[in-house]
>>> print(open('structure27.txt').read())   # compact mmCIF, C-alpha atoms
# COMPACT_ATOMS: atom_id res chain seq x y z
CA MET K 1 94.94 153.64 171.35
CA THR K 2 98.09 152.16 172.87
CA PRO K 3 100.09 154.61 174.97
CA ARG K 4 103.60 155.18 173.69
CA ARG K 5 106.22 153.97 176.13
CA PRO K 6 110.00 153.94 175.95
CA LEU K 7 111.59 150.52 175.83
CA CYS K 8 113.37 148.39 178.42
CA THR K 9 115.45 145.24 178.71
CA ALA K 10 114.22 141.81 179.71
CA ALA K 11 115.50 138.24 179.62
CA LEU K 12 115.59 136.47 176.26
CA VAL K 13 114.07 133.05 175.86
CA ALA K 14 116.99 131.04 174.52
CA GLY K 15 116.81 129.57 171.03
CA THR K 16 114.17 131.92 169.61
CA ALA K 17 114.68 131.52 165.87
CA LEU K 18 112.45 134.45 164.97
CA ALA K 19 114.44 136.77 167.20
CA ALA K 20 117.59 135.77 165.36
CA VAL K 21 115.92 136.70 162.07
CA ALA K 22 114.91 140.07 163.49
CA ALA K 23 118.41 140.86 164.71
CA THR K 24 119.83 140.58 161.19
CA VAL K 25 117.77 143.47 159.80
CA PRO K 26 120.01 146.51 159.24
CA ALA K 27 119.07 150.15 159.75
CA HIS K 28 119.27 152.40 156.70
CA ALA K 29 119.68 156.13 156.33
CA HIS K 30 116.53 158.19 156.06
CA PRO K 31 116.36 159.50 152.46
CA HIS K 32 114.80 162.76 153.60
CA GLY K 33 117.38 163.35 156.32
CA ARG K 34 115.67 164.50 159.51
CA ALA K 35 112.33 162.87 160.27
CA ASP K 36 110.62 166.25 160.66
CA ALA K 37 111.53 167.09 157.05
CA LEU K 38 108.87 164.75 155.67
CA PRO K 39 106.43 166.25 153.15
CA THR K 40 102.87 166.92 154.24
CA VAL K 41 99.33 166.49 152.93
CA GLN K 42 96.12 167.99 154.24
CA PRO K 43 92.73 166.32 154.80
CA ARG K 44 89.69 167.27 152.72
CA ALA K 45 87.16 166.35 155.42
CA GLU K 46 86.84 164.92 158.92
CA THR K 47 84.22 163.02 160.89
CA ALA K 48 82.49 164.37 163.98
CA THR K 49 84.55 164.24 167.17
CA LEU K 50 84.19 161.18 169.41
CA HIS K 51 84.65 161.51 173.16
CA ASP K 52 85.86 158.67 175.35
CA ASP K 53 83.79 159.51 178.41
CA GLU K 54 80.36 158.70 179.79
CA ALA K 55 78.75 161.67 178.06
CA GLY K 56 80.26 160.58 174.76
CA GLY K 57 79.25 156.95 175.13
CA ASN K 58 82.89 155.93 175.74
CA ALA K 59 83.49 156.28 172.00
CA ASN K 60 87.12 156.30 170.89
CA ALA K 61 88.00 156.33 167.19
CA ASP K 62 90.37 153.52 166.28
CA ASP K 63 90.40 151.80 162.88
CA PRO K 64 88.68 152.51 159.51
CA ALA K 65 87.87 150.49 156.38
CA ILE K 66 86.69 151.81 153.00
CA TRP K 67 83.82 150.05 151.19
CA ARG K 68 83.38 150.91 147.52
CA ASN K 69 79.86 150.87 146.12
CA ALA K 70 80.53 149.47 142.65
CA ALA K 71 77.04 150.39 141.45
CA ASP K 72 77.36 154.00 142.60
CA PRO K 73 80.85 154.97 143.80
CA ASP K 74 79.60 158.33 145.09
CA ARG K 75 77.61 156.37 147.70
CA SER K 76 80.58 154.46 149.04
CA LEU K 77 81.12 154.20 152.80
CA VAL K 78 83.74 154.30 155.51
CA VAL K 79 83.17 151.81 158.34
CA ALA K 80 85.10 152.60 161.52
CA THR K 81 85.46 151.27 165.04
CA ALA K 82 84.83 153.36 168.15
CA LYS K 83 85.85 150.80 170.82
CA GLU K 84 83.15 150.72 173.54
CA GLY K 85 81.22 153.12 171.31
CA GLY K 86 80.77 150.31 168.76
CA LEU K 87 80.80 151.02 165.01
CA ARG K 88 80.33 154.21 163.04
CA VAL K 89 79.46 154.33 159.33
CA TYR K 90 80.22 157.49 157.32
CA ASP K 91 79.54 158.67 153.77
CA LEU K 92 82.22 160.28 151.61
CA ASP K 93 81.38 163.70 153.05
CA ALA K 94 82.43 162.24 156.45
CA ARG K 95 78.84 162.46 157.70
CA GLN K 96 77.61 159.69 159.97
CA VAL K 97 74.94 157.49 158.40
CA GLN K 98 74.76 154.74 161.04
CA SER K 99 75.91 153.96 164.57
CA ILE K 100 75.96 150.41 165.93
CA ALA K 101 76.37 149.80 169.65
CA ALA K 102 78.89 147.31 170.96
CA PRO K 103 77.31 144.36 172.82
CA ALA K 104 76.44 144.86 176.47
CA PRO K 105 78.42 142.84 179.04
CA ALA K 106 77.11 139.36 179.81
CA THR K 107 76.73 140.41 183.46
CA GLU K 108 77.54 143.61 185.30
CA ASP K 109 80.84 142.04 186.37
CA ASP K 110 81.93 141.15 182.84
CA ALA K 111 83.77 143.17 180.21
CA PRO K 112 81.58 145.08 177.74
CA GLY K 113 81.89 144.74 173.99
CA ARG K 114 84.75 146.78 172.56
CA PHE K 115 85.23 147.05 168.80
CA ASN K 116 88.92 147.39 168.07
CA ASN K 117 89.67 146.84 164.37
CA VAL K 118 87.66 146.41 161.17
CA ASP K 119 88.31 145.01 157.70
CA LEU K 120 86.17 144.02 154.70
CA LEU K 121 85.37 140.87 152.73
CA GLN K 122 83.77 141.16 149.30
CA GLY K 123 81.38 138.76 147.63
CA LEU K 124 81.31 136.13 150.38
CA ARG K 125 78.85 133.36 149.53
CA LEU K 126 76.23 133.20 152.30
CA GLY K 127 73.19 130.98 152.64
CA THR K 128 71.11 133.95 151.45
CA GLY K 129 73.37 134.89 148.51
CA ARG K 130 76.65 136.71 148.02
CA ALA K 131 77.38 139.72 150.19
CA ASP K 132 80.07 142.17 151.21
CA LEU K 133 80.90 142.03 154.91
CA ALA K 134 82.49 144.27 157.50
CA VAL K 135 84.46 142.09 159.93
CA VAL K 136 85.21 143.45 163.40
CA SER K 137 87.40 142.30 166.27
CA ASP K 138 85.37 142.54 169.47
CA ARG K 139 88.16 142.81 172.00
CA GLY K 140 85.71 142.99 174.92
CA ASN K 141 84.21 139.57 174.10
CA ASP K 142 87.21 137.94 172.34
CA ARG K 143 85.20 137.31 169.19
CA LEU K 144 84.87 138.37 165.60
CA ARG K 145 81.63 139.99 164.50
CA PHE K 146 80.24 140.21 160.97
CA TYR K 147 78.03 142.88 159.41
CA ARG K 148 76.42 142.51 156.00
CA ILE K 149 76.65 145.67 153.87
CA ASP K 150 73.54 146.79 151.97
CA ARG K 151 73.76 150.47 151.02
CA ASP K 152 70.02 150.82 150.40
CA ARG K 153 68.76 149.07 153.53
CA PRO K 154 66.24 151.45 155.20
CA GLY K 155 67.51 150.84 158.75
CA GLY K 156 71.13 151.52 157.79
CA PRO K 157 73.65 149.80 155.53
CA LEU K 158 75.06 147.37 158.11
CA THR K 159 73.23 144.36 159.55
CA ASP K 160 74.69 142.01 162.16
CA VAL K 161 74.96 138.49 160.73
CA THR K 162 77.30 137.01 163.36
CA ASP K 163 76.70 133.36 164.21
CA PRO K 164 75.41 133.42 167.83
CA ALA K 165 77.46 130.29 168.52
CA ALA K 166 80.77 131.92 167.52
CA ALA K 167 83.37 130.93 170.10
CA PRO K 168 86.05 133.10 171.69
CA VAL K 169 89.17 133.41 169.55
CA PHE K 170 91.79 132.95 172.28
CA SER K 171 90.01 132.55 175.64
CA SER K 172 88.64 129.38 177.24
CA GLY K 173 85.70 131.11 178.96
CA GLN K 174 84.27 134.34 180.35
CA GLU K 175 86.68 134.50 183.27
CA GLU K 176 89.63 134.48 180.90
CA ILE K 177 87.87 136.91 178.54
CA ASN K 178 87.59 139.39 181.41
CA GLU K 179 91.38 139.43 181.67
CA GLN K 180 91.29 140.99 178.16
CA ALA K 181 94.14 139.10 176.50
CA THR K 182 91.69 138.95 173.63
CA ALA K 183 91.25 139.44 169.86
CA TYR K 184 92.79 142.79 168.98
CA GLY K 185 94.22 143.58 165.54
CA LEU K 186 92.48 142.24 162.42
CA ALA K 187 93.05 141.62 158.72
CA THR K 188 90.96 139.67 156.22
CA TRP K 189 91.90 137.99 152.95
CA THR K 190 90.62 135.55 150.36
CA ASP K 191 92.94 132.84 149.05
CA ARG K 192 92.80 133.19 145.28
CA SER K 193 93.77 129.55 144.73
CA SER K 194 90.98 128.06 146.86
CA GLY K 195 88.42 130.88 147.05
CA ARG K 196 88.26 130.48 150.84
CA SER K 197 88.17 133.57 153.03
CA TYR K 198 90.08 134.09 156.25
CA ALA K 199 90.63 136.52 159.08
CA LEU K 200 93.84 137.03 161.01
CA ALA K 201 93.43 138.20 164.60
CA SER K 202 96.22 139.30 166.91
CA ARG K 203 96.02 139.00 170.69
CA ARG K 204 96.09 141.95 173.07
CA ASN K 205 99.19 142.11 175.33
CA ARG K 206 100.54 138.92 173.73
CA THR K 207 102.55 138.15 170.59
CA GLY K 208 100.14 135.63 169.07
CA ILE K 209 98.31 135.83 165.73
CA ALA K 210 95.50 133.39 164.86
CA LEU K 211 94.38 132.31 161.40
CA LEU K 212 90.60 131.86 161.25
CA GLU K 213 88.66 130.46 158.30
CA ILE K 214 85.41 132.32 157.71
CA THR K 215 82.45 129.94 157.56
CA ALA K 216 78.97 130.75 156.22
CA ARG K 217 75.92 129.08 157.79
CA PRO K 218 72.80 128.01 155.86
CA ASP K 219 70.73 130.60 157.72
CA GLY K 220 72.87 133.47 156.41
CA THR K 221 74.93 133.97 159.57
CA VAL K 222 78.73 133.88 159.58
CA GLY K 223 81.19 132.23 161.94
CA TYR K 224 84.78 131.00 161.91
CA ARG K 225 87.08 128.17 162.90
CA LYS K 226 90.67 128.45 164.05
CA ILE K 227 93.26 126.92 161.73
CA ARG K 228 96.54 127.72 163.47
CA THR K 229 98.40 130.36 165.47
CA VAL K 230 101.90 131.78 165.40
CA GLU K 231 103.85 133.52 168.16
CA LEU K 232 106.15 136.38 167.23
CA PRO K 233 109.20 136.88 169.44
CA SER K 234 109.03 138.97 172.59
CA ALA K 235 112.80 139.17 173.07
CA PHE K 236 115.68 139.77 170.68
CA HIS K 237 119.44 139.18 170.41
CA LEU K 238 121.31 142.43 169.84
CA PRO K 239 124.59 142.76 167.91
CA ASP K 240 126.54 143.46 171.12
CA GLY K 241 125.58 140.06 172.51
CA THR K 242 122.92 141.31 174.93
CA SER K 243 119.21 140.58 174.80
CA TRP K 244 116.34 143.05 174.75
CA SER K 245 112.57 143.19 175.09
CA PRO K 246 110.27 146.20 174.75
CA CYS K 247 109.24 147.72 178.04
CA GLY K 248 105.72 147.33 179.35
CA GLU K 249 103.69 146.57 182.41
CA PRO K 250 104.72 143.34 184.14
CA GLY K 251 103.23 140.36 182.31
CA GLU K 252 102.53 142.29 179.08
CA LEU K 253 104.27 141.19 175.89
CA PRO K 254 104.81 143.32 172.75
CA GLN K 255 101.49 143.05 170.93
CA VAL K 256 100.54 143.35 167.26
CA GLU K 257 97.66 145.57 166.12
CA GLY K 258 97.93 146.97 162.61
CA MET K 259 97.80 144.22 159.95
CA VAL K 260 97.10 143.98 156.22
CA VAL K 261 97.33 141.20 153.62
CA ASP K 262 98.53 141.67 150.05
CA PRO K 263 96.09 139.46 148.08
CA ALA K 264 98.42 139.26 145.07
CA ASN K 265 100.97 137.12 146.89
CA GLY K 266 99.25 136.17 150.15
CA MET K 267 101.71 138.08 152.34
CA LEU K 268 100.71 139.42 155.74
CA TYR K 269 102.28 142.60 157.09
CA ALA K 270 101.93 142.93 160.87
CA GLY K 271 102.96 145.84 163.06
CA GLN K 272 104.39 144.71 166.39
CA GLU K 273 103.86 148.04 168.06
CA ARG K 274 107.17 148.56 169.87
CA VAL K 275 109.30 146.38 167.61
CA GLY K 276 108.59 147.00 163.91
CA VAL K 277 106.83 145.69 160.80
CA TRP K 278 106.88 141.94 160.07
CA ARG K 279 106.22 140.16 156.78
CA MET K 280 105.00 136.55 156.73
CA ARG K 281 102.77 134.24 154.77
CA ALA K 282 99.13 134.96 155.53
CA ASP K 283 98.50 131.26 156.13
CA LEU K 284 101.01 131.59 159.01
CA THR K 285 103.44 129.05 157.62
CA GLY K 286 107.10 129.76 156.99
CA THR K 287 109.41 132.14 158.85
CA PRO K 288 108.45 135.77 159.55
CA VAL K 289 110.88 138.49 158.44
CA LEU K 290 111.27 141.84 160.16
CA VAL K 291 110.97 144.38 157.33
CA ASP K 292 111.77 147.45 159.43
CA LYS K 293 112.36 148.30 163.07
CA VAL K 294 111.19 151.22 165.17
CA ARG K 295 113.81 153.74 166.21
CA GLU K 296 113.44 152.64 169.82
CA TYR K 297 114.40 149.04 169.04
CA GLY K 298 117.11 147.92 171.49
CA VAL K 299 116.83 150.91 173.83
CA PRO K 300 117.04 149.78 177.48
CA GLY K 301 114.83 151.20 180.18
CA THR K 302 113.20 150.70 183.55
CA TYR K 303 109.49 150.42 184.29
CA ASP K 304 108.14 152.63 187.10
CA GLU K 305 105.04 151.13 188.74
CA GLU K 306 104.00 154.48 190.25
CA THR K 307 104.00 156.44 187.02
CA GLU K 308 103.26 153.38 184.82
CA GLU K 309 105.93 154.67 182.44
CA CYS K 310 109.37 153.51 181.32
CA THR K 311 112.50 155.54 181.80
CA PRO K 312 114.73 154.98 178.77
CA GLY K 313 118.45 154.42 178.92
CA ALA K 314 121.11 155.20 176.35
CA ASP K 315 120.26 154.34 172.74
CA PRO K 316 122.72 151.70 171.46
CA GLY K 317 121.84 152.57 167.87
CA TYR K 318 120.25 149.30 166.76
CA GLY K 319 116.88 150.72 165.81
CA GLY K 320 115.48 151.82 162.47
CA THR K 321 115.30 155.36 161.15
CA ARG K 322 111.77 155.72 159.73
CA LEU K 323 109.24 154.57 162.34
CA ALA K 324 108.76 155.97 165.84
CA ALA K 325 106.96 153.57 168.17
CA ASP K 326 104.23 152.60 168.30
CA VAL K 327 103.77 151.08 164.84
CA GLU K 328 100.01 151.20 164.39
CA GLY K 329 97.83 151.44 161.29
CA LEU K 330 98.89 149.32 158.30
CA ALA K 331 97.24 149.64 154.88
CA LEU K 332 97.91 148.41 151.35
CA LEU K 333 97.93 150.86 148.46
CA THR K 334 97.64 148.99 145.15
CA GLU K 335 98.19 150.49 141.71
CA PRO K 336 96.79 149.32 138.35
CA ASP K 337 100.23 148.28 137.04
CA GLY K 338 100.78 145.99 140.02
CA ASP K 339 103.01 148.40 141.93
CA GLY K 340 101.99 149.88 145.24
CA TYR K 341 102.93 150.45 148.84
CA VAL K 342 102.47 149.10 152.33
CA ILE K 343 101.67 152.13 154.50
CA ALA K 344 102.53 152.13 158.21
CA SER K 345 101.82 154.84 160.77
CA GLY K 346 104.38 155.75 163.41
CA GLN K 347 102.62 157.17 166.45
CA GLY K 348 105.80 158.55 168.01
CA ASP K 349 106.28 161.32 165.46
CA ASN K 350 102.90 161.44 163.69
CA SER K 351 104.34 160.11 160.44
CA PHE K 352 103.44 157.58 157.75
CA ALA K 353 106.05 155.38 156.05
CA LEU K 354 105.64 153.75 152.64
CA TYR K 355 107.31 150.48 151.68
CA ASP K 356 107.39 148.89 148.22
CA ARG K 357 104.87 146.03 148.20
CA GLU K 358 107.25 143.91 146.08
CA VAL K 359 108.83 141.17 148.18
CA GLY K 360 111.52 140.79 145.52
CA ASP K 361 112.61 144.35 146.34
CA ARG K 362 112.70 143.46 150.05
CA ASN K 363 109.87 145.92 150.71
CA GLU K 364 112.25 148.81 150.20
CA TYR K 365 111.38 152.07 151.95
CA GLU K 366 109.96 154.52 149.39
CA GLY K 367 109.29 157.65 151.43
CA GLY K 368 107.01 159.12 154.04
CA PHE K 369 104.61 161.94 154.83
CA ARG K 370 102.51 163.55 157.53
CA VAL K 371 98.87 164.61 157.56
CA THR K 372 98.79 168.20 158.83
CA ALA K 373 96.12 170.82 159.42
CA ALA K 374 94.21 172.23 156.46
CA SER K 375 92.72 175.10 158.49
CA ALA K 376 92.08 176.28 162.03
CA THR K 377 89.09 173.94 162.25
CA LEU K 378 90.32 171.01 160.14
CA ASP K 379 93.41 169.65 161.85
CA GLY K 380 95.72 166.82 160.83
CA SER K 381 96.42 163.40 162.31
CA GLU K 382 98.34 162.85 165.53
CA GLU K 383 99.24 159.50 167.11
CA CYS K 384 97.38 157.70 164.33
CA ASP K 385 95.92 154.40 165.52
CA GLY K 386 94.49 153.08 162.25
CA ALA K 387 94.46 153.73 158.51
CA ALA K 388 92.75 152.51 155.34
CA VAL K 389 93.42 153.30 151.69
CA LEU K 390 91.62 152.55 148.42
CA SER K 391 93.03 153.51 145.02
CA ALA K 392 89.80 152.89 143.07
CA PRO K 393 87.70 155.87 141.92
CA LEU K 394 85.16 157.00 144.50
CA GLY K 395 82.87 159.27 142.55
CA HIS K 396 83.32 162.99 142.13
CA ARG K 397 84.73 163.56 145.63
CA TYR K 398 87.71 161.25 145.35
CA PRO K 399 88.16 160.22 141.70
CA ASN K 400 91.72 159.05 142.41
CA GLY K 401 90.99 157.18 145.62
CA LEU K 402 90.92 157.89 149.33
CA LEU K 403 93.12 157.60 152.42
CA VAL K 404 91.36 157.58 155.81
CA VAL K 405 93.44 157.98 158.97
CA GLN K 406 92.56 158.08 162.63
CA ASP K 407 93.41 161.22 164.57
CA GLY K 408 94.27 160.54 168.20
CA HIS K 409 93.99 164.21 169.23
CA ASP K 410 91.23 165.99 167.37
CA ALA K 411 91.45 169.77 167.56
CA PRO K 412 90.12 172.15 168.55
CA GLY K 413 89.33 170.10 171.64
CA ASP K 414 86.68 170.36 174.32
CA GLY K 415 88.50 171.03 177.56
CA ASP K 416 90.10 167.92 179.03
CA ARG K 417 87.86 165.47 177.14
CA GLU K 418 89.72 162.90 175.08
CA ALA K 419 88.82 163.70 171.48
CA THR K 420 89.39 161.49 168.43
CA ASN K 421 88.04 161.20 164.89
CA PHE K 422 88.94 160.25 161.30
CA LYS K 423 90.48 162.37 158.56
CA PHE K 424 89.70 161.90 154.84
CA VAL K 425 92.66 162.60 152.52
CA ASP K 426 92.55 162.70 148.70
CA LEU K 427 94.84 159.88 147.59
CA ALA K 428 96.03 161.95 144.63
CA ASP K 429 97.57 164.39 147.11
CA VAL K 430 99.44 161.56 148.83
CA LEU K 431 100.81 160.13 145.59
CA ASP K 432 101.82 163.56 144.29
CA THR K 433 103.62 164.27 147.55
CA VAL K 434 105.45 160.95 147.62
CA ASP K 435 106.43 161.18 143.95
>>> encode(input="structure27.txt", output="structure tokens")
Amino acid sequence: MTPRRPLCTAALVAGTALAAVAATVPAHAHPHGRADALPTVQPRAETATLHDDEAGGNANADDPAIWRNAADPDRSLVVATAKEGGLRVYDLDARQVQSIAAPAPATEDDAPGRFNNVDLLQGLRLGTGRADLAVVSDRGNDRLRFYRIDRDRPGGPLTDVTDPAAAPVFSSGQEEINEQATAYGLATWTDRSSGRSYALASRRNRTGIALLEITARPDGTVGYRKIRTVELPSAFHLPDGTSWSPCGEPGELPQVEGMVVDPANGMLYAGQERVGVWRMRADLTGTPVLVDKVREYGVPGTYDEETEECTPGADPGYGGTRLAADVEGLALLTEPDGDGYVIASGQGDNSFALYDREVGDRNEYEGGFRVTAASATLDGSEECDGAAVLSAPLGHRYPNGLLVVQDGHDAPGDGDREATNFKFVDLADVLDTVD
């Protein structure tokens, strides 16, 4: 999970066309008035708590994906990342059915495997037949990893089918990998015109996004090749003539994590955590457009090396009104009639914003909600780091679909241990609340 920091000024690289695009996006009034007036929904279930310490295997809940078992929807699965804790697989009762360890470090001096984000590919043609895959960004090793999904496999539904020769996504070698400017956010998509499948990987502490074509090997393993990369801006022209960059540690640029592709039109939505939500072609051609900005956009500040925090200055009023930094989990909610929403989580105020998926409607803001406690033992979602949604029927538990969100502060806690998990929310409750 990325710590929330206020924002600070920095020099603008002259002539940044994307920054000029971003500066033209206006702020709009919040239709609900105050942000804390958003409607709420409650989870139906939650996974076991993960603890990011030695006793807990350094497991930290991050990002989920929902796999639908077409043959038996009641036996569908949620695949979720736990950073150094690897992968967790849950059934629809939120019970763990499999745990997969992240790879060990190459040497004791190297970074360990660290699974950051996960997405799914369906019906990929492998050398051993078609299969559904869970695709994971291994931030510790700067690689993508692939897991074949077989619900009835005795040893567990996921099997590692990663090509052993898969190269780092961004780094030139292990020394650079150890610096951890590595593969971070992840989204997958299949081009309907060509049938080819791709992954998009963002880079930690940088603004880059890479387009990777998924390649199947004759032996049934899966790899990838890089097609192109795009760099989002790190600095922005403001209406008063000044320039601004989000605050961070020296040398860190405003990174992207949450990403999702709308397969109907091939559009990628990418959350630049301390800036806002971008829309661009998933093949990374054309000009990105900033759909919405965080409230903290344009706020100056000063970084304190002792506290590793930023002290904010006066708000000039150039930010948005719906998202509080960091922008994190992005998910696509599709509806049978072609309508639907792009869902984005705002860590700063524990909220979720919904935008119309129609580009022709400029991804208009449609409303928001929070996930709050259902009982003293089943809490809501705070500082959500990742989300996944599926509108298809999932058996008797979730006949109208499912929303899964990460909870950055699971309660009741266990002393000072960092506690995270995932909440399962009936999608019908979300749609009723938004409507």
>>> closest_residue(input="structure27.txt", among="K:Cys310, K:Val277, K:Val41, K:Ala373", to="K:Pro250", atoms="all atoms listed in the file")
K:Cys310
>>> atom_distance(input="structure27.txt", atom1="atom CA of K:Gly173", atom2="atom CA of K:Ile214")
21.3 Å
>>> atom_distance(input="structure27.txt", atom1="atom CA of K:Gly301", atom2="atom CA of K:Arg274")
13.1 Å
>>> atom_distance(input="structure27.txt", atom1="atom CA of K:Glu213", atom2="atom CA of K:Gly401")
29.7 Å
>>> residues_around(input="structure27.txt", residues="stretch 364-366 of chain K", least_positions_apart="6", cutoff="7 Å", atoms="all atoms listed in the file", output="MDAnalysis selection string")
chainID K and resid 354:356
>>> closest_residue(input="structure27.txt", among="K:Gly123, K:Pro233, K:Pro112, K:Pro164", to="K:Thr190", atoms="all atoms listed in the file")
K:Gly123
>>> residues_around(input="structure27.txt", residues="K:Leu268", least_positions_apart="2", cutoff="8 Å", atoms="all atoms listed in the file", output="number ranges by chain")
K: 259-262, 266, 270, 278-282
>>> residues_around(input="structure27.txt", residues="K:Phe424", least_positions_apart="6", cutoff="10 Å", atoms="only C-alpha atoms", output="PDB file with C-alpha atoms, in the coordinates of the input")
ATOM      1  CA  GLN K  42      96.120 167.990 154.240  1.00  0.00           C
ATOM      2  CA  PRO K  43      92.730 166.320 154.800  1.00  0.00           C
ATOM      3  CA  ARG K  44      89.690 167.270 152.720  1.00  0.00           C
ATOM      4  CA  ALA K  45      87.160 166.350 155.420  1.00  0.00           C
ATOM      5  CA  GLU K  46      86.840 164.920 158.920  1.00  0.00           C
ATOM      6  CA  THR K  47      84.220 163.020 160.890  1.00  0.00           C
ATOM      7  CA  VAL K  78      83.740 154.300 155.510  1.00  0.00           C
ATOM      8  CA  LEU K  92      82.220 160.280 151.610  1.00  0.00           C
ATOM      9  CA  ASP K  93      81.380 163.700 153.050  1.00  0.00           C
ATOM     10  CA  ALA K  94      82.430 162.240 156.450  1.00  0.00           C
ATOM     11  CA  VAL K 371      98.870 164.610 157.560  1.00  0.00           C
ATOM     12  CA  GLY K 380      95.720 166.820 160.830  1.00  0.00           C
ATOM     13  CA  ALA K 388      92.750 152.510 155.340  1.00  0.00           C
ATOM     14  CA  VAL K 389      93.420 153.300 151.690  1.00  0.00           C
ATOM     15  CA  TYR K 398      87.710 161.250 145.350  1.00  0.00           C
ATOM     16  CA  LEU K 402      90.920 157.890 149.330  1.00  0.00           C
ATOM     17  CA  LEU K 403      93.120 157.600 152.420  1.00  0.00           C
ATOM     18  CA  VAL K 404      91.360 157.580 155.810  1.00  0.00           C
ATOM     19  CA  VAL K 405      93.440 157.980 158.970  1.00  0.00           C
ATOM     20  CA  GLN K 406      92.560 158.080 162.630  1.00  0.00           C
TER      21      GLN K 406
END
>>> closest_residue(input="structure27.txt", among="K:Thr81, K:Gly329, K:Ala201, K:Arg417", to="K:Glu54", atoms="all atoms listed in the file")
K:Arg417
>>> closest_residue(input="structure27.txt", among="K:Leu200, K:Ile343, K:Ala61, K:Val299", to="K:Glu383", atoms="all atoms listed in the file")
K:Ala61
>>> closest_atom_pairs(input="structure27.txt", of="stretch 154-195 of chain K", to="stretch 115-121 of chain K", cutoff="8 Å", atoms="all atoms listed in the file", output="tab-separated table")
residue	atom	partner	partner_atom	distance
K:Tyr184	CA	K:Asn116	CA	6.1
K:Gly185	CA	K:Asn117	CA	5.7
K:Leu186	CA	K:Asn117	CA	5.7
K:Ala187	CA	K:Asp119	CA	5.9
K:Thr188	CA	K:Asp119	CA	6.1
K:Trp189	CA	K:Leu121	CA	7.1
K:Thr190	CA	K:Leu121	CA	7.8
>>> write_last_selection(input="structure27.txt", atoms="C-alpha atoms", output="compact mmCIF listing (two decimals), in the coordinates of the input")
# COMPACT_ATOMS: atom_id res chain seq x y z
CA TYR K 184 92.79 142.79 168.98
CA GLY K 185 94.22 143.58 165.54
CA LEU K 186 92.48 142.24 162.42
CA ALA K 187 93.05 141.62 158.72
CA THR K 188 90.96 139.67 156.22
CA TRP K 189 91.90 137.99 152.95
CA THR K 190 90.62 135.55 150.36
>>> closest_residue(input="structure27.txt", among="K:Arg196, K:Ile227, K:Phe422, K:Ala344", to="K:Tyr269", atoms="only C-alpha atoms")
K:Ala344
>>> closest_residue(input="structure27.txt", among="K:Ala82, K:Ala325, K:Ala331, K:Leu232", to="K:Leu290", atoms="all atoms listed in the file")
K:Leu232
>>> residues_near_point(input="structure27.txt", point="(90.6, 169.1, 165.0)", cutoff="9 Å", atoms="only C-alpha atoms", output="VMD selection string")
chain K and resid 46 49 373 376 to 381 407 409 to 413 419 to 421
>>> residues_near_point(input="structure27.txt", point="(98.2, 132.4, 161.9)", cutoff="9 Å", atoms="only C-alpha atoms", output="PDB file with C-alpha atoms, keeping the file's coordinate frame")
ATOM      1  CA  LEU K 200      93.840 137.030 161.010  1.00  0.00           C
ATOM      2  CA  ALA K 201      93.430 138.200 164.600  1.00  0.00           C
ATOM      3  CA  SER K 202      96.220 139.300 166.910  1.00  0.00           C
ATOM      4  CA  GLY K 208     100.140 135.630 169.070  1.00  0.00           C
ATOM      5  CA  ILE K 209      98.310 135.830 165.730  1.00  0.00           C
ATOM      6  CA  ALA K 210      95.500 133.390 164.860  1.00  0.00           C
ATOM      7  CA  LEU K 211      94.380 132.310 161.400  1.00  0.00           C
ATOM      8  CA  LEU K 212      90.600 131.860 161.250  1.00  0.00           C
ATOM      9  CA  LYS K 226      90.670 128.450 164.050  1.00  0.00           C
ATOM     10  CA  ILE K 227      93.260 126.920 161.730  1.00  0.00           C
ATOM     11  CA  ARG K 228      96.540 127.720 163.470  1.00  0.00           C
ATOM     12  CA  THR K 229      98.400 130.360 165.470  1.00  0.00           C
ATOM     13  CA  VAL K 230     101.900 131.780 165.400  1.00  0.00           C
ATOM     14  CA  GLU K 231     103.850 133.520 168.160  1.00  0.00           C
ATOM     15  CA  ARG K 281     102.770 134.240 154.770  1.00  0.00           C
ATOM     16  CA  ALA K 282      99.130 134.960 155.530  1.00  0.00           C
ATOM     17  CA  ASP K 283      98.500 131.260 156.130  1.00  0.00           C
ATOM     18  CA  LEU K 284     101.010 131.590 159.010  1.00  0.00           C
ATOM     19  CA  THR K 285     103.440 129.050 157.620  1.00  0.00           C
TER      20      THR K 285
END
